[in-house]
>>> print(open('structure15.csv').read())   # CSV, C-alpha atoms
chain,number,residue,atom,x,y,z
Z,70,MET,CA,2.0,17.5,1.8
Z,71,VAL,CA,-0.8,16.0,3.9
Z,72,LEU,CA,-1.5,12.3,3.7
Z,73,LEU,CA,-4.8,10.6,4.3
Z,74,VAL,CA,-4.3,6.9,4.6
Z,75,PHE,CA,-7.1,4.7,3.3
Z,76,VAL,CA,-10.2,6.7,3.5
Z,77,TRP,CA,-13.6,5.0,2.9
Z,78,THR,CA,-16.7,7.1,3.1
Z,79,VAL,CA,-20.1,5.6,2.8
Z,80,PRO,CA,-22.9,6.8,0.5
Z,81,GLY,CA,-25.9,8.5,2.1
Z,82,ARG,CA,-27.3,11.8,3.1
Z,83,VAL,CA,-25.2,14.5,4.7
Z,84,THR,CA,-24.6,12.3,7.7
Z,85,ALA,CA,-22.5,9.9,5.6
Z,86,VAL,CA,-22.8,7.1,8.2
Z,87,GLU,CA,-24.4,3.7,8.1
Z,88,PRO,CA,-27.0,2.5,10.6
Z,89,LYS,CA,-25.6,0.6,13.5
Z,90,ARG,CA,-25.8,-3.2,13.2
Z,91,PRO,CA,-24.1,-6.3,14.6
Z,92,GLY,CA,-20.5,-6.6,13.5
Z,93,GLN,CA,-20.3,-2.9,12.6
Z,94,GLU,CA,-16.8,-2.7,14.3
Z,95,SER,CA,-15.2,-4.6,11.3
Z,96,PHE,CA,-16.3,-1.8,8.9
Z,97,LEU,CA,-13.5,0.6,9.8
Z,98,THR,CA,-12.9,3.7,7.6
Z,99,ARG,CA,-10.0,5.4,9.4
Z,100,ALA,CA,-7.3,4.8,12.0
Z,101,VAL,CA,-4.7,7.1,13.5
Z,102,LEU,CA,-2.2,6.9,16.4
Z,103,ALA,CA,-2.3,9.7,19.0
Z,104,ASP,CA,-2.0,10.2,22.7
Z,105,GLY,CA,-0.3,6.8,22.8
Z,106,ARG,CA,-3.5,5.2,21.6
Z,107,LEU,CA,-4.8,3.8,18.4
Z,108,TRP,CA,-8.0,5.6,17.4
Z,109,VAL,CA,-10.4,3.9,15.0
Z,110,LEU,CA,-13.5,5.1,13.2
Z,111,SER,CA,-16.3,2.8,11.8
Z,112,ASP,CA,-18.8,3.6,9.1
Z,113,SER,CA,-21.5,3.9,11.7
Z,114,GLY,CA,-19.7,7.0,13.1
Z,115,ASP,CA,-18.4,5.2,16.2
Z,116,LEU,CA,-15.0,6.4,17.4
Z,117,SER,CA,-13.0,4.2,19.8
Z,118,SER,CA,-9.4,3.7,21.0
Z,119,ILE,CA,-7.0,1.0,22.0
Z,120,SER,CA,-3.8,1.3,24.0
Z,121,GLU,CA,-0.9,-1.0,23.1
Z,122,GLY,CA,-0.8,-3.9,25.5
Z,123,SER,CA,-4.5,-3.5,26.4
Z,124,ASP,CA,-7.3,-5.9,25.6
Z,125,VAL,CA,-10.0,-3.3,26.1
Z,126,ARG,CA,-11.4,-0.9,23.5
Z,127,GLY,CA,-12.5,2.4,24.9
Z,128,GLU,CA,-15.3,4.6,23.6
Z,129,GLY,CA,-14.6,8.0,22.0
Z,130,ASN,CA,-17.2,9.8,24.1
Z,131,LEU,CA,-18.4,12.1,21.3
Z,132,PRO,CA,-21.8,13.8,21.5
Z,133,GLU,CA,-22.7,12.9,17.9
Z,134,PRO,CA,-21.5,10.5,15.2
Z,135,ALA,CA,-18.0,11.2,13.6
Z,136,LEU,CA,-17.8,11.3,9.9
Z,137,ASP,CA,-14.0,11.4,9.5
Z,138,LEU,CA,-10.8,11.3,11.6
Z,139,CYS,CA,-7.3,12.7,11.3
Z,140,LEU,CA,-4.3,13.9,13.2
Z,141,ARG,CA,-4.1,17.7,13.9
Z,142,ASP,CA,-0.8,18.8,15.5
Z,143,GLY,CA,-0.4,15.3,16.9
Z,144,TYR,CA,-3.9,15.1,18.4
Z,145,PRO,CA,-7.0,13.3,17.1
Z,146,ALA,CA,-9.4,15.5,15.3
Z,147,VAL,CA,-12.9,14.6,14.0
Z,148,ILE,CA,-15.7,16.0,12.0
Z,149,THR,CA,-19.1,15.3,13.6
Z,150,CYS,CA,-22.7,16.0,12.7
Z,151,LYS,CA,-26.1,15.1,14.1
Z,152,SER,CA,-27.6,12.0,12.6
Z,153,ASP,CA,-31.1,13.2,12.1
Z,154,ASP,CA,-30.6,16.9,11.2
Z,155,CYS,CA,-27.1,17.6,9.9
Z,156,MET,CA,-27.0,21.3,9.2
Z,157,ASN,CA,-23.5,22.0,10.4
Z,158,TRP,CA,-20.3,20.0,10.5
Z,159,VAL,CA,-18.3,20.4,13.7
Z,160,LEU,CA,-14.5,20.1,13.9
Z,161,ARG,CA,-13.5,18.8,17.3
Z,162,ARG,CA,-10.0,18.1,18.6
Z,163,ARG,CA,-9.0,16.0,21.7
Z,164,VAL,CA,-6.3,17.6,23.8
Z,165,ASN,CA,-5.4,16.5,27.4
Z,166,GLY,CA,-8.2,14.0,27.3
Z,167,LYS,CA,-11.0,16.5,26.4
Z,168,TRP,CA,-12.8,17.2,23.2
Z,169,SER,CA,-13.1,20.9,22.2
Z,170,ILE,CA,-14.9,22.6,19.3
Z,171,GLU,CA,-12.5,24.3,16.9
Z,172,ALA,CA,-14.9,25.3,14.0
Z,173,THR,CA,-18.3,24.7,12.5
Z,174,VAL,CA,-19.1,24.6,8.8
Z,175,GLN,CA,-22.5,24.8,7.1
Z,176,THR,CA,-23.2,21.6,5.1
Z,177,GLU,CA,-25.3,23.4,2.5
Z,178,HIS,CA,-26.8,19.9,1.8
Z,179,ASP,CA,-23.4,18.4,0.7
Z,180,ASP,CA,-22.1,15.0,1.8
Z,181,LEU,CA,-18.7,15.0,3.4
Z,182,VAL,CA,-16.1,13.1,1.4
Z,183,ALA,CA,-12.9,13.5,3.5
Z,184,LEU,CA,-11.2,15.5,6.2
Z,185,SER,CA,-7.5,16.5,5.9
Z,186,CYS,CA,-5.5,18.0,8.7
Z,187,ALA,CA,-2.3,20.2,8.3
Z,188,ALA,CA,-0.2,22.3,10.6
Z,189,LYS,CA,-1.8,25.6,9.6
Z,190,GLU,CA,-5.3,24.6,8.3
Z,191,VAL,CA,-7.9,21.9,7.9
Z,192,THR,CA,-9.3,21.0,4.5
Z,193,LEU,CA,-12.8,19.5,4.0
Z,194,LEU,CA,-13.6,17.8,0.7
Z,195,THR,CA,-17.3,17.6,0.1
Z,196,THR,CA,-19.3,16.3,-2.8
Z,197,SER,CA,-19.3,19.8,-4.4
Z,198,ARG,CA,-16.9,22.0,-2.5
Z,199,LEU,CA,-13.3,22.2,-1.2
Z,200,ILE,CA,-13.3,24.1,2.1
Z,201,ASP,CA,-10.3,25.4,3.9
Z,202,ILE,CA,-10.6,26.1,7.7
Z,203,GLY,CA,-7.9,28.5,8.8
Z,204,ARG,CA,-7.2,29.8,12.3
Z,205,SER,CA,-9.4,32.9,11.8
Z,206,LYS,CA,-11.4,32.3,8.6
Z,207,GLN,CA,-12.9,29.8,6.2
Z,208,SER,CA,-12.9,29.8,2.4
Z,209,ALA,CA,-14.5,27.5,-0.2
Z,210,VAL,CA,-14.1,26.7,-3.8
Z,211,VAL,CA,-16.9,25.0,-5.8
Z,212,LEU,CA,-15.9,21.8,-7.7
Z,213,SER,CA,-16.3,21.7,-11.5
Z,214,GLU,CA,-18.2,18.5,-11.1
Z,215,LYS,CA,-19.7,16.6,-8.2
Z,216,LEU,CA,-18.0,13.7,-6.4
Z,217,TYR,CA,-19.8,10.7,-5.1
Z,218,ALA,CA,-18.7,10.1,-1.5
Z,219,GLY,CA,-19.4,6.4,-1.5
Z,220,TRP,CA,-16.6,5.7,-4.0
Z,221,VAL,CA,-13.8,7.7,-2.4
Z,222,THR,CA,-11.2,5.6,-0.6
Z,223,SER,CA,-8.2,7.9,-0.2
Z,224,VAL,CA,-7.2,11.6,-0.4
Z,225,VAL,CA,-3.9,13.5,-0.5
Z,226,VAL,CA,-3.9,17.3,-0.1
Z,227,THR,CA,-0.9,19.3,-1.4
Z,228,ALA,CA,-0.4,23.1,-1.6
Z,229,ASP,CA,-2.0,23.4,-5.0
Z,230,GLN,CA,-3.9,20.1,-5.6
Z,231,VAL,CA,-6.0,17.4,-4.1
Z,232,PHE,CA,-5.7,13.8,-5.3
Z,233,VAL,CA,-8.7,11.6,-4.8
Z,234,GLY,CA,-8.7,7.8,-5.1
Z,235,ILE,CA,-11.9,6.1,-6.3
Z,236,ASN,CA,-12.9,2.5,-5.9
Z,237,ARG,CA,-15.9,1.2,-7.8
Z,238,GLY,CA,-15.0,-2.5,-7.4
Z,239,GLU,CA,-15.1,-4.4,-10.7
Z,240,TRP,CA,-16.1,-1.1,-12.5
Z,241,GLY,CA,-12.7,0.4,-11.7
Z,242,GLY,CA,-12.5,3.9,-10.2
Z,243,GLY,CA,-9.2,5.6,-10.9
Z,244,LEU,CA,-7.7,8.8,-9.7
Z,245,ARG,CA,-9.0,12.4,-9.9
Z,246,ARG,CA,-7.1,15.6,-9.3
Z,247,ILE,CA,-8.7,18.8,-8.1
Z,248,GLU,CA,-7.0,22.2,-8.6
Z,249,ARG,CA,-7.3,23.9,-5.2
Z,250,HIS,CA,-7.6,27.4,-6.6
Z,251,SER,CA,-10.2,26.8,-9.3
Z,252,GLY,CA,-12.0,23.6,-8.2
Z,253,LYS,CA,-11.4,22.0,-11.6
Z,254,VAL,CA,-11.7,18.1,-11.4
Z,255,THR,CA,-9.6,16.0,-13.9
Z,256,ASP,CA,-9.3,12.3,-14.4
Z,257,ILE,CA,-5.7,11.2,-14.3
Z,258,GLU,CA,-5.1,8.0,-16.3
Z,259,ARG,CA,-2.9,6.3,-18.8
Z,260,ASN,CA,-4.5,3.5,-20.9
Z,261,ALA,CA,-3.1,1.4,-23.7
Z,262,THR,CA,-4.9,0.5,-26.9
Z,263,TRP,CA,-4.4,-3.3,-27.1
Z,264,ASP,CA,-6.8,-4.3,-24.3
Z,265,LEU,CA,-9.9,-2.8,-22.5
Z,266,CYS,CA,-8.1,-2.8,-19.1
Z,267,SER,CA,-4.6,-2.2,-20.2
Z,268,GLY,CA,-2.3,0.6,-19.1
Z,269,PRO,CA,-0.9,1.4,-15.6
Z,270,LEU,CA,-3.9,3.5,-14.5
Z,271,ASN,CA,-7.2,2.7,-16.1
Z,272,THR,CA,-10.3,4.5,-14.8
Z,273,ALA,CA,-12.6,1.8,-16.1
Z,274,CYS,CA,-10.8,-1.1,-14.5
Z,275,ASP,CA,-8.4,0.1,-11.7
Z,276,PRO,CA,-9.8,0.8,-8.2
Z,277,VAL,CA,-7.4,3.2,-6.3
Z,278,ASN,CA,-7.2,2.3,-2.6
Z,279,GLY,CA,-4.3,4.5,-1.4
Z,280,ILE,CA,-2.3,7.6,-2.3
Z,281,ALA,CA,1.0,8.8,-0.7
Z,282,PRO,CA,3.6,11.5,-1.6
Z,283,GLU,CA,6.8,10.0,-2.9
Z,284,PRO,CA,9.6,10.8,-0.5
Z,285,TRP,CA,12.3,10.9,-3.3
Z,286,LYS,CA,10.1,12.9,-5.7
Z,287,PRO,CA,8.3,15.6,-3.7
Z,288,ASP,CA,6.2,16.7,-6.8
Z,289,CYS,CA,4.9,13.2,-7.4
Z,290,VAL,CA,2.5,10.8,-5.7
Z,291,ALA,CA,2.3,7.1,-5.6
Z,292,VAL,CA,-1.0,5.3,-6.0
Z,293,ALA,CA,-2.0,1.8,-4.8
Z,294,VAL,CA,-4.3,-0.1,-7.2
Z,295,GLY,CA,-6.0,-3.3,-6.1
Z,296,LEU,CA,-9.0,-5.4,-6.9
Z,297,VAL,CA,-9.9,-9.0,-5.9
Z,298,HIS,CA,-12.7,-10.1,-8.2
Z,299,PHE,CA,-12.3,-13.8,-9.2
Z,300,GLU,CA,-8.6,-13.1,-9.8
Z,301,PRO,CA,-6.6,-10.4,-8.0
Z,302,HIS,CA,-4.8,-7.6,-9.9
Z,303,GLY,CA,-3.0,-4.5,-8.8
Z,304,ARG,CA,0.2,-2.4,-8.8
Z,305,ILE,CA,1.8,0.7,-7.5
Z,306,VAL,CA,1.7,3.6,-9.9
Z,307,GLU,CA,3.7,6.9,-10.0
Z,308,VAL,CA,1.9,10.1,-10.9
Z,309,CYS,CA,4.0,13.2,-11.7
Z,310,GLY,CA,1.8,15.9,-13.1
Z,311,ASP,CA,0.1,14.3,-16.1
Z,312,ARG,CA,2.8,11.6,-16.5
Z,313,VAL,CA,1.7,8.2,-15.2
Z,314,GLN,CA,4.0,5.2,-15.1
Z,315,ARG,CA,4.0,1.8,-13.3
Z,316,LEU,CA,6.3,1.8,-10.3
Z,317,TYR,CA,5.9,-1.9,-9.2
Z,318,TYR,CA,3.9,-5.0,-9.6
Z,319,LYS,CA,4.3,-8.6,-8.6
Z,320,PRO,CA,2.8,-11.8,-10.2
Z,321,TYR,CA,0.5,-13.7,-8.0
Z,322,GLY,CA,-0.6,-17.3,-7.6
Z,323,GLU,CA,0.3,-19.6,-10.5
Z,324,GLU,CA,1.6,-16.6,-12.5
Z,325,ALA,CA,4.4,-16.0,-9.9
Z,326,SER,CA,6.4,-19.1,-11.0
Z,327,ARG,CA,6.2,-18.5,-14.8
Z,328,HIS,CA,6.1,-14.8,-15.4
Z,329,SER,CA,9.1,-12.4,-15.4
Z,330,GLU,CA,8.6,-9.2,-13.5
Z,331,LYS,CA,10.7,-7.5,-16.2
Z,332,ALA,CA,8.1,-8.3,-18.9
Z,333,ALA,CA,6.3,-5.3,-20.4
Z,334,ASP,CA,2.8,-6.8,-20.0
Z,335,GLU,CA,1.4,-7.8,-16.6
Z,336,PRO,CA,0.1,-11.3,-16.1
Z,337,SER,CA,-3.6,-11.9,-15.4
Z,338,GLN,CA,-3.0,-12.3,-11.7
Z,339,THR,CA,-1.0,-9.8,-9.7
Z,340,VAL,CA,-0.8,-8.7,-6.1
Z,341,ALA,CA,-3.6,-6.3,-5.2
Z,342,PHE,CA,-2.6,-3.4,-3.0
Z,343,PHE,CA,-5.0,-1.8,-0.5
Z,344,GLY,CA,-2.9,0.5,1.8
Z,345,LEU,CA,-0.1,2.9,1.2
Z,346,THR,CA,1.8,5.2,3.5
Z,347,ARG,CA,5.0,7.1,3.8
Z,348,GLU,CA,7.6,6.0,6.3
Z,349,GLY,CA,10.8,8.2,6.3
Z,350,ASP,CA,12.4,7.9,2.9
Z,351,ALA,CA,10.3,5.0,1.8
Z,352,LEU,CA,6.7,4.0,1.1
Z,353,LEU,CA,5.0,1.0,2.8
Z,354,ALA,CA,2.3,-0.7,0.8
Z,355,ALA,CA,-0.1,-3.3,2.0
Z,356,GLY,CA,-0.7,-6.1,-0.5
Z,357,ILE,CA,-3.0,-9.1,-0.2
Z,358,ASP,CA,0.1,-11.2,0.7
Z,359,GLY,CA,2.1,-8.9,2.9
Z,360,ILE,CA,3.7,-5.5,3.5
Z,361,TYR,CA,6.1,-4.1,0.9
Z,362,ARG,CA,8.8,-1.5,1.3
Z,363,ILE,CA,9.3,0.8,-1.7
Z,364,GLU,CA,12.4,3.0,-2.0
Z,365,ALA,CA,14.0,5.1,-4.7
Z,366,SER,CA,16.3,2.2,-5.4
Z,367,GLY,CA,13.5,-0.4,-5.8
Z,368,THR,CA,10.9,-2.5,-4.1
Z,369,GLU,CA,11.2,-5.4,-1.8
Z,370,TYR,CA,8.8,-7.8,-0.1
Z,371,SER,CA,9.2,-6.8,3.5
Z,372,ALA,CA,7.1,-9.1,5.7
Z,373,PRO,CA,3.9,-11.2,5.6
Z,374,LEU,CA,0.9,-9.7,7.3
Z,375,PRO,CA,1.2,-10.1,11.1
Z,376,SER,CA,-1.0,-12.1,13.4
Z,377,PHE,CA,-3.9,-10.1,14.7
Z,378,THR,CA,-5.6,-9.9,18.1
Z,379,ASN,CA,-9.3,-9.3,18.4
Z,380,ILE,CA,-9.9,-6.4,20.8
Z,381,GLY,CA,-13.5,-5.5,21.2
Z,382,GLY,CA,-14.4,-6.7,17.7
Z,383,ILE,CA,-11.4,-5.1,16.0
Z,384,GLN,CA,-8.5,-7.1,14.5
Z,385,VAL,CA,-5.3,-5.2,15.3
Z,386,SER,CA,-1.5,-5.8,15.5
Z,387,PHE,CA,1.2,-3.7,17.2
Z,388,ASP,CA,3.9,-6.2,16.1
Z,389,VAL,CA,5.1,-4.5,12.9
Z,390,PRO,CA,8.0,-2.0,13.3
Z,391,HIS,CA,7.0,1.7,12.6
Z,392,LEU,CA,3.4,0.6,12.0
Z,393,VAL,CA,0.1,-0.4,13.6
Z,394,VAL,CA,-1.9,-2.7,11.3
Z,395,VAL,CA,-5.7,-2.9,11.5
Z,396,LEU,CA,-8.0,-5.0,9.5
Z,397,THR,CA,-11.2,-3.6,7.9
Z,398,SER,CA,-13.9,-5.4,6.0
Z,399,VAL,CA,-15.4,-2.2,4.5
Z,400,ASN,CA,-13.9,-3.1,1.1
Z,401,GLN,CA,-16.4,-5.9,0.8
Z,402,ARG,CA,-18.9,-3.3,-0.3
Z,403,ARG,CA,-17.1,-3.2,-3.6
Z,404,SER,CA,-15.4,-6.6,-4.1
Z,405,VAL,CA,-14.8,-10.0,-2.7
Z,406,SER,CA,-11.5,-9.1,-1.2
Z,407,GLY,CA,-12.4,-10.0,2.4
Z,408,SER,CA,-10.6,-8.1,5.1
Z,409,VAL,CA,-7.8,-5.8,4.1
Z,410,PRO,CA,-5.2,-3.9,6.2
Z,411,ILE,CA,-5.1,-0.3,7.2
Z,412,LEU,CA,-1.5,0.9,7.8
Z,413,VAL,CA,-1.1,3.4,10.6
Z,414,PRO,CA,2.3,5.1,10.9
Z,415,ARG,CA,3.7,5.3,14.4
>>> encode(input="structure15.csv", output="structure tokens")
Amino acid sequence: MVLLVFVWTVPGRVTAVEPKRPGQESFLTRAVLADGRLWVLSDSGDLSSISEGSDVRGEGNLPEPALDLCLRDGYPAVITCKSDDCMNWVLRRRVNGKWSIEATVQTEHDDLVALSCAAKEVTLLTTSRLIDIGRSKQSAVVLSEKLYAGWVTSVVVTADQVFVGINRGEWGGGLRRIERHSGKVTDIERNATWDLCSGPLNTACDPVNGIAPEPWKPDCVAVAVGLVHFEPHGRIVEVCGDRVQRLYYKPYGEEASRHSEKAADEPSQTVAFFGLTREGDALLAAGIDGIYRIEASGTEYSAPLPSFTNIGGIQVSFDVPHLVVVLTSVNQRRSVSGSVPILVPR
């Protein structure tokens, strides 16, 4: 399985980047750790890096804006495209301090949704296609329905399927599954009948902010749901095929002192989750009040969010074991959540 942690792509033409403006650094869409450096990408297409212990942010030195970022064989890889005339996406990888071109793909007037890197191939998800870039050839499958790039927050690619997290703020979002061989797009949800927004995964009400494969169930994925809109709500959900069930939730605010977590119904306020990643045999989830560790035996509150240091306009912490934590304000495009954490595995 290949994990993309907290993806946020921005609506637009095939460039999929926002115009540069003051404070753009805080609108981060992706972060990875490679070459001993933290690499971060903003929604204006700017790539930069930070070394642990340094107070300086270095430029990525790319010839054109980057649309997405991932790790390929342990090295940073990006998809770039010209801002004014994006006819071809360019896959570039940085090895030994130099960027080299590994492939080009015709855009065919699509928007790029996400980039996924694996040991043997790279997968591009566009608004209408699923494209595999192999060592010697490319192949594409047309999606059964179009995606809207500006809503997609997270993507996980498996051998047979692609899971896509959608965040539409107060209008929900939910989870979609794409069959890799046919391109068929399906909504994955489980609602209840007693309330409009009931059920563990409700497309109309639940923004999905993160997806990760479950270490103890290789055929299942975990999904982070979170929204802060007047009152916060969220949970971690397990998806195994078409079976959807709640994995964890935690009462928040005034509800925390008077609600039993064993109750069948969730209270009106629960912890909203915005980041999710795999770490060994566990999952690490970023909630609005801290970082949670989820194992097959249960879930525990691990630690509050760390203190952050401002390095070149980016709020970052190297203080959490096994993780680098970066704050992004990009979620403000959909809700009043403020800055939320991106979890970057070491």
>>> closest_atom_pairs(input="structure15.csv", of="region 321-406 of chain Z", to="region 127-136 of chain Z", cutoff="12 Å", atoms="only C-alpha atoms", output="tab-separated table")
residue	atom	partner	partner_atom	distance
Z:Ile380	CA	Z:Gly127	CA	10.1
Z:Gly381	CA	Z:Gly127	CA	8.8
Z:Gly382	CA	Z:Gly127	CA	11.8
Z:Ile383	CA	Z:Gly127	CA	11.7
>>> residues_around(input="structure15.csv", residues="region 370-375 of chain Z", least_positions_apart="5", cutoff="9 Å", atoms="only C-alpha atoms", output="list of chain:residue names")
Z:Leu353, Z:Ala355, Z:Gly356, Z:Ile357, Z:Asp358, Z:Gly359, Z:Ile360, Z:Tyr361, Z:Arg362, Z:Ile363, Z:Ser386, Z:Phe387, Z:Asp388, Z:Val389, Z:Val394, Z:Pro410
>>> closest_atom_pairs(input="structure15.csv", of="region 188-232 of chain Z", to="region 149-164 of chain Z", cutoff="10 Å", atoms="only C-alpha atoms", output="Markdown table")
| residue | atom | partner | partner_atom | distance |
| --- | --- | --- | --- | --- |
| Z:Val191 | CA | Z:Leu160 | CA | 9.1 |
| Z:Leu193 | CA | Z:Trp158 | CA | 9.9 |
| Z:Ile202 | CA | Z:Leu160 | CA | 9.5 |
>>> residues_around(input="structure15.csv", residues="Lys189 (chain Z)", least_positions_apart="6", cutoff="12 Å", atoms="only C-alpha atoms", output="count of residues only")
11
>>> residues_around(input="structure15.csv", residues="Thr195 (chain Z)", least_positions_apart="2", cutoff="12 Å", atoms="all atoms listed in the file", output="mmCIF file with C-alpha atoms, in the coordinates of the input")
data_model
loop_
_atom_site.group_PDB
_atom_site.id
_atom_site.type_symbol
_atom_site.label_atom_id
_atom_site.label_comp_id
_atom_site.auth_asym_id
_atom_site.auth_seq_id
_atom_site.Cartn_x
_atom_site.Cartn_y
_atom_site.Cartn_z
ATOM 1 C CA THR Z 78 -16.700 7.100 3.100
ATOM 2 C CA ARG Z 82 -27.300 11.800 3.100
ATOM 3 C CA VAL Z 83 -25.200 14.500 4.700
ATOM 4 C CA THR Z 84 -24.600 12.300 7.700
ATOM 5 C CA ALA Z 85 -22.500 9.900 5.600
ATOM 6 C CA LEU Z 136 -17.800 11.300 9.900
ATOM 7 C CA ASP Z 137 -14.000 11.400 9.500
ATOM 8 C CA TRP Z 158 -20.300 20.000 10.500
ATOM 9 C CA VAL Z 174 -19.100 24.600 8.800
ATOM 10 C CA GLN Z 175 -22.500 24.800 7.100
ATOM 11 C CA THR Z 176 -23.200 21.600 5.100
ATOM 12 C CA GLU Z 177 -25.300 23.400 2.500
ATOM 13 C CA HIS Z 178 -26.800 19.900 1.800
ATOM 14 C CA ASP Z 179 -23.400 18.400 0.700
ATOM 15 C CA ASP Z 180 -22.100 15.000 1.800
ATOM 16 C CA LEU Z 181 -18.700 15.000 3.400
ATOM 17 C CA VAL Z 182 -16.100 13.100 1.400
ATOM 18 C CA ALA Z 183 -12.900 13.500 3.500
ATOM 19 C CA LEU Z 184 -11.200 15.500 6.200
ATOM 20 C CA SER Z 185 -7.500 16.500 5.900
ATOM 21 C CA THR Z 192 -9.300 21.000 4.500
ATOM 22 C CA LEU Z 193 -12.800 19.500 4.000
ATOM 23 C CA SER Z 197 -19.300 19.800 -4.400
ATOM 24 C CA ARG Z 198 -16.900 22.000 -2.500
ATOM 25 C CA LEU Z 199 -13.300 22.200 -1.200
ATOM 26 C CA ILE Z 200 -13.300 24.100 2.100
ATOM 27 C CA ASP Z 201 -10.300 25.400 3.900
ATOM 28 C CA ALA Z 209 -14.500 27.500 -0.200
ATOM 29 C CA VAL Z 210 -14.100 26.700 -3.800
ATOM 30 C CA VAL Z 211 -16.900 25.000 -5.800
ATOM 31 C CA LEU Z 212 -15.900 21.800 -7.700
ATOM 32 C CA GLU Z 214 -18.200 18.500 -11.100
ATOM 33 C CA LYS Z 215 -19.700 16.600 -8.200
ATOM 34 C CA LEU Z 216 -18.000 13.700 -6.400
ATOM 35 C CA TYR Z 217 -19.800 10.700 -5.100
ATOM 36 C CA ALA Z 218 -18.700 10.100 -1.500
ATOM 37 C CA GLY Z 219 -19.400 6.400 -1.500
ATOM 38 C CA VAL Z 221 -13.800 7.700 -2.400
ATOM 39 C CA VAL Z 224 -7.200 11.600 -0.400
ATOM 40 C CA VAL Z 233 -8.700 11.600 -4.800
ATOM 41 C CA ILE Z 247 -8.700 18.800 -8.100
ATOM 42 C CA GLY Z 252 -12.000 23.600 -8.200
#
>>> atom_distance(input="structure15.csv", atom1="CA of Val231 (chain Z)", atom2="CA of Val395 (chain Z)")
25.6 Å
>>> closest_atom_pairs(input="structure15.csv", of="region 186-299 of chain Z", to="region 307-321 of chain Z", cutoff="9 Å", atoms="all atoms listed in the file", output="Markdown table")
| residue | atom | partner | partner_atom | distance |
| --- | --- | --- | --- | --- |
| Z:Ile257 | CA | Z:Asp311 | CA | 6.8 |
| Z:Glu258 | CA | Z:Val313 | CA | 6.9 |
| Z:Arg259 | CA | Z:Val313 | CA | 6.1 |
| Z:Gly268 | CA | Z:Arg315 | CA | 8.6 |
| Z:Pro269 | CA | Z:Arg315 | CA | 5.4 |
| Z:Leu270 | CA | Z:Val313 | CA | 7.3 |
| Z:Glu283 | CA | Z:Glu307 | CA | 8.3 |
| Z:Lys286 | CA | Z:Cys309 | CA | 8.6 |
| Z:Asp288 | CA | Z:Cys309 | CA | 6.4 |
| Z:Cys289 | CA | Z:Cys309 | CA | 4.4 |
| Z:Val290 | CA | Z:Val308 | CA | 5.3 |
| Z:Ala291 | CA | Z:Glu307 | CA | 4.6 |
| Z:Val292 | CA | Z:Glu307 | CA | 6.4 |
>>> atom_distance(input="structure15.csv", atom1="CA of Gly114 (chain Z)", atom2="CA of Cys139 (chain Z)")
13.8 Å
>>> decode(input="structure15.csv", residues="region 288-310 of chain Z", atoms="C-alpha atoms", output="mmCIF file, in the first residue's frame")
data_model
loop_
_atom_site.group_PDB
_atom_site.id
_atom_site.type_symbol
_atom_site.label_atom_id
_atom_site.label_comp_id
_atom_site.auth_asym_id
_atom_site.auth_seq_id
_atom_site.Cartn_x
_atom_site.Cartn_y
_atom_site.Cartn_z
ATOM 1 C CA ASP Z 288 -7.240 -5.201 3.607
ATOM 2 C CA CYS Z 289 -8.727 -2.253 5.522
ATOM 3 C CA VAL Z 290 -8.086 1.467 5.733
ATOM 4 C CA ALA Z 291 -8.665 3.932 8.544
ATOM 5 C CA VAL Z 292 -10.235 7.308 7.846
ATOM 6 C CA ALA Z 293 -9.895 10.553 9.821
ATOM 7 C CA VAL Z 294 -13.070 12.646 9.963
ATOM 8 C CA GLY Z 295 -12.984 16.200 11.270
ATOM 9 C CA LEU Z 296 -14.842 19.491 11.055
ATOM 10 C CA VAL Z 297 -14.736 22.622 13.198
ATOM 11 C CA HIS Z 298 -17.824 24.653 12.364
ATOM 12 C CA PHE Z 299 -19.225 26.330 15.493
ATOM 13 C CA GLU Z 300 -18.805 22.984 17.301
ATOM 14 C CA PRO Z 301 -16.117 20.397 16.487
ATOM 15 C CA HIS Z 302 -16.972 16.861 15.496
ATOM 16 C CA GLY Z 303 -14.960 13.935 14.202
ATOM 17 C CA ARG Z 304 -13.888 10.341 14.630
ATOM 18 C CA ILE Z 305 -11.636 7.627 13.239
ATOM 19 C CA VAL Z 306 -13.502 5.177 10.993
ATOM 20 C CA GLU Z 307 -12.547 1.726 9.727
ATOM 21 C CA VAL Z 308 -13.391 0.732 6.132
ATOM 22 C CA CYS Z 309 -13.072 -2.921 5.097
ATOM 23 C CA GLY Z 310 -14.535 -3.412 1.652
#
